[in-house]
Amino acid sequence: MHDVVICGAGPAGSVVAHRLAAAGARVALIGGASSPGCEGISLRSRALLSEEGVDPESEIIAGPFRRRGVWADGRAIEGTEWLVERSQLAEALRVRARAAGADERQDIVTLVKRIADHWEVCLRTGESLWAPIVVDARGRRGPQLRGPLLLAVGQRFQKLLCGAPGASGTGIGVTDFGWCWWAERESALWVQVVGRPRARNPAAWLAAAAAQVPALARALDGASAQGELVARPAHARLGVAPSDPTRWQVGDAALALDPLSGQGVYEALRGARLAATAIQSVMNGGDALAAHRFIAERREEAWQHGVSVAAAFYRESGDRGAFWSGTAAAYEALLPNPVESAERAVAARIERRPVLDEGRIFERDVIVTAANPRGVWHIAGVPLVELREYLERSDQPTVSAAAAVFDRPQSAVVSAIHWLQTTGNLLQQIPPRLSLGG
């Protein structure tokens with residue numbers, strides 16, 4: 001019997017397994033090797049991987065590399081990114097999970113079913129594992145809200161250097177049927193093209209992209225293909241949250257962003273860490289429904305931001321053709337009504353929301369503002385709504401008295417009062433001045 005069974009041993013599943021096992025849970029991690037491919041990551045993704053035990057100076061994370069390209073309107077694109085090999089990254093995180101005590105099984109999950117108060121996870125080998133909590137980390141599957149259907153087709157190449165040092169860097173380019181990204185690292189080259197699955201034969205995408213993007217054609221000059229063509233879904237998706245509070249989702253099963261919007265690796269790692277914290281909260285006696293709501297709210301926020309960024313990128317190239325204008329319109333249709341959103345963001349308001357407090361998730365009264373859509377429940381450990389109520393009902397409120405009530409330093413109370421005084425018309429009744437010595 002395990003405490004948690006994690007179905008899927010990619011980066012997200014392995015991060016959850018490591019964190020739960022390190023906290024003392026009996027964890028089973030089920031899955032096989034990840035598909036090959038190169039991926040660009042940001043500085044903050046690199047920092048998260050470092051926190052998860054992946055040495056940023058190791059061979060797993062290469063770079064930094066300069067990214068160059070030209071967008072549809074002729075605008076030059078420049079930036080910096082690091083490169084990771086997907087399968088190597090997944091294996092490094094699995095090793096960390098095993099070292100923490102996770103029971104790793106190189107197997108395939110064939111069925112997950114609820115029986116009484118436990119989950120039965122059936123494996124292809126015929127074995128069944130049992131646990132009160134199950135985590136689905138098996139990628140894009142199940143009910144979902146999704147953006148326009150997109151496919152990424154990738155191929156590894158080898159370049160003949162003839163004694164000269166090879167180029168290193170990444171590039172991005174636009175075609176009339178999609179867009180392409182490539183990464184050069186000495187003699188190795190990875191090329192990925194994203195488009196609509198039914199637009200044309202995906203096997204011909206790389207050659208078609210090179211015909212339209214001169215920089216890609218130069219990178220491919222003299223290169224020979226290595227291995228099989230790799231195709232994988234690239235559409236943005238938001239998984240429908242499970243109705244059972246003992247079932248969780250992480251990775252692409254929970255949230256996947258359009259690769260053009262960036263930060264896919266970051267969101268996968270961030271989501272896995274949040275899920276591990278939420279599961280630990282439940283295992284330590286916290287409310288499961290509040291923990292799920294805590295995760296769902298942050299997932300929804302990341303989804304809306306990712307969809308908005310993707311819509312803007314595709315709209316910039318809308319004049320390039322139907323692929324661009326159609327993809328932009330599909331993403332724009334997923335965004336909330338801007339008028340309703342603006343009206344809701346005008347005034348500060350108090351709502352009941354789940355918050356993280358010393359490793360456990362509880363519902364608390366928070367103050368929601370346009371700048372803080374998730375809500376803020378404390379400043380420097382002083383609960384804001386309770387402080388507001390204290391200040392409004394006291395005839396002569398003082399900082400020292402408030403510090404005694406909330407068992408916090410006077411400086412913390414001053415910081416909390418200052419935040420309240422500068423946060424909208426909901427809080428106008430708070431006395432404008434309070435003396436530190438008062």
# chains A, B, ... in the order shown; residues from 1 in each chain; ligands from 1
$ residues_around --residues "Pro383 (chain A)" --least-positions-apart "2" --cutoff "10 Å" --atoms "only C-alpha atoms" --output "PyMOL selection string"
chain A and resi 364-366+376-381+385-388+406+413+416
$ residues_around --residues "region 108-117 of chain A" --least-positions-apart "5" --cutoff "9 Å" --atoms "only C-alpha atoms" --output "CSV table (one decimal) with N, CA, C and O atoms, in the first residue's frame"
chain,number,residue,atom,x,y,z
A,7,CYS,N,0.8,8.6,-11.7
A,7,CYS,CA,0.8,8.0,-13.0
A,7,CYS,C,1.4,9.0,-14.0
A,7,CYS,O,0.8,10.0,-14.4
A,8,GLY,N,2.6,8.7,-14.4
A,8,GLY,CA,3.4,9.5,-15.3
A,8,GLY,C,4.7,10.0,-14.7
A,8,GLY,O,4.6,10.6,-13.6
A,30,ILE,N,5.0,5.9,-11.6
A,30,ILE,CA,4.8,4.9,-12.7
A,30,ILE,C,5.0,5.6,-14.0
A,30,ILE,O,4.4,6.7,-14.3
A,31,GLY,N,5.9,5.1,-14.9
A,31,GLY,CA,6.1,5.6,-16.2
A,31,GLY,C,7.3,5.2,-16.8
A,31,GLY,O,8.2,4.6,-16.2
A,32,GLY,N,7.5,5.4,-18.1
A,32,GLY,CA,8.6,5.1,-18.9
A,32,GLY,C,9.4,6.3,-19.3
A,32,GLY,O,9.2,7.4,-18.8
A,122,CYS,N,-4.0,0.0,-12.2
A,122,CYS,CA,-3.6,-1.3,-12.9
A,122,CYS,C,-2.5,-1.0,-13.9
A,122,CYS,O,-2.5,-0.1,-14.7
A,123,LEU,N,-1.5,-1.9,-13.9
A,123,LEU,CA,-0.3,-1.8,-14.8
A,123,LEU,C,-0.3,-2.8,-15.9
A,123,LEU,O,-1.0,-3.8,-15.7
A,124,ARG,N,0.4,-2.5,-16.9
A,124,ARG,CA,0.4,-3.4,-18.1
A,124,ARG,C,1.0,-4.8,-17.7
A,124,ARG,O,0.6,-5.8,-18.2
A,125,THR,N,1.9,-4.8,-16.7
A,125,THR,CA,2.5,-6.1,-16.3
A,125,THR,C,1.5,-7.0,-15.5
A,125,THR,O,1.8,-8.1,-15.2
A,131,ALA,N,-3.7,3.1,-3.3
A,131,ALA,CA,-3.4,4.3,-2.5
A,131,ALA,C,-4.6,5.2,-2.4
A,131,ALA,O,-5.5,5.1,-3.2
A,132,PRO,N,-4.7,5.9,-1.3
A,132,PRO,CA,-5.9,6.8,-1.1
A,132,PRO,C,-5.8,8.1,-2.0
A,132,PRO,O,-6.8,8.7,-2.2
A,134,VAL,N,-4.3,9.6,-5.8
A,134,VAL,CA,-3.7,9.4,-7.1
A,134,VAL,C,-3.5,10.7,-7.8
A,134,VAL,O,-4.2,11.6,-7.7
$ closest_residue --among "A:Gly171, A:Val95, A:Leu220, A:Ala278" --to "Ala76 (chain A)" --atoms "only C-alpha atoms"
A:Gly171
$ select_by_dssp --residues "region 97-261 of chain A" --states "strand (DSSP E)" --output "number ranges by chain"
A: 103-105, 109-115, 118-123, 128-131, 133-136, 144-146, 151-159, 168-174, 178-185, 188-195, 223-233, 237-239, 247-249, 255-256
$ closest_residue --among "A:Asp103, A:Glu301, A:Glu120, A:Glu39" --to "Glu85 (chain A)" --atoms "only C-alpha atoms"
A:Glu39
$ residues_around --residues "region 225-234 of chain A" --least-positions-apart "5" --cutoff "10 Å" --atoms "only C-alpha atoms" --output "PyMOL selection string"
chain A and resi 35-37+139-140+147-159+188-190+192-197+202-203+220+256-260
$ closest_residue --among "A:Leu129, A:Val15, A:Ile77, A:Ser415" --to "Glu52 (chain A)" --atoms "only C-alpha atoms"
A:Val15
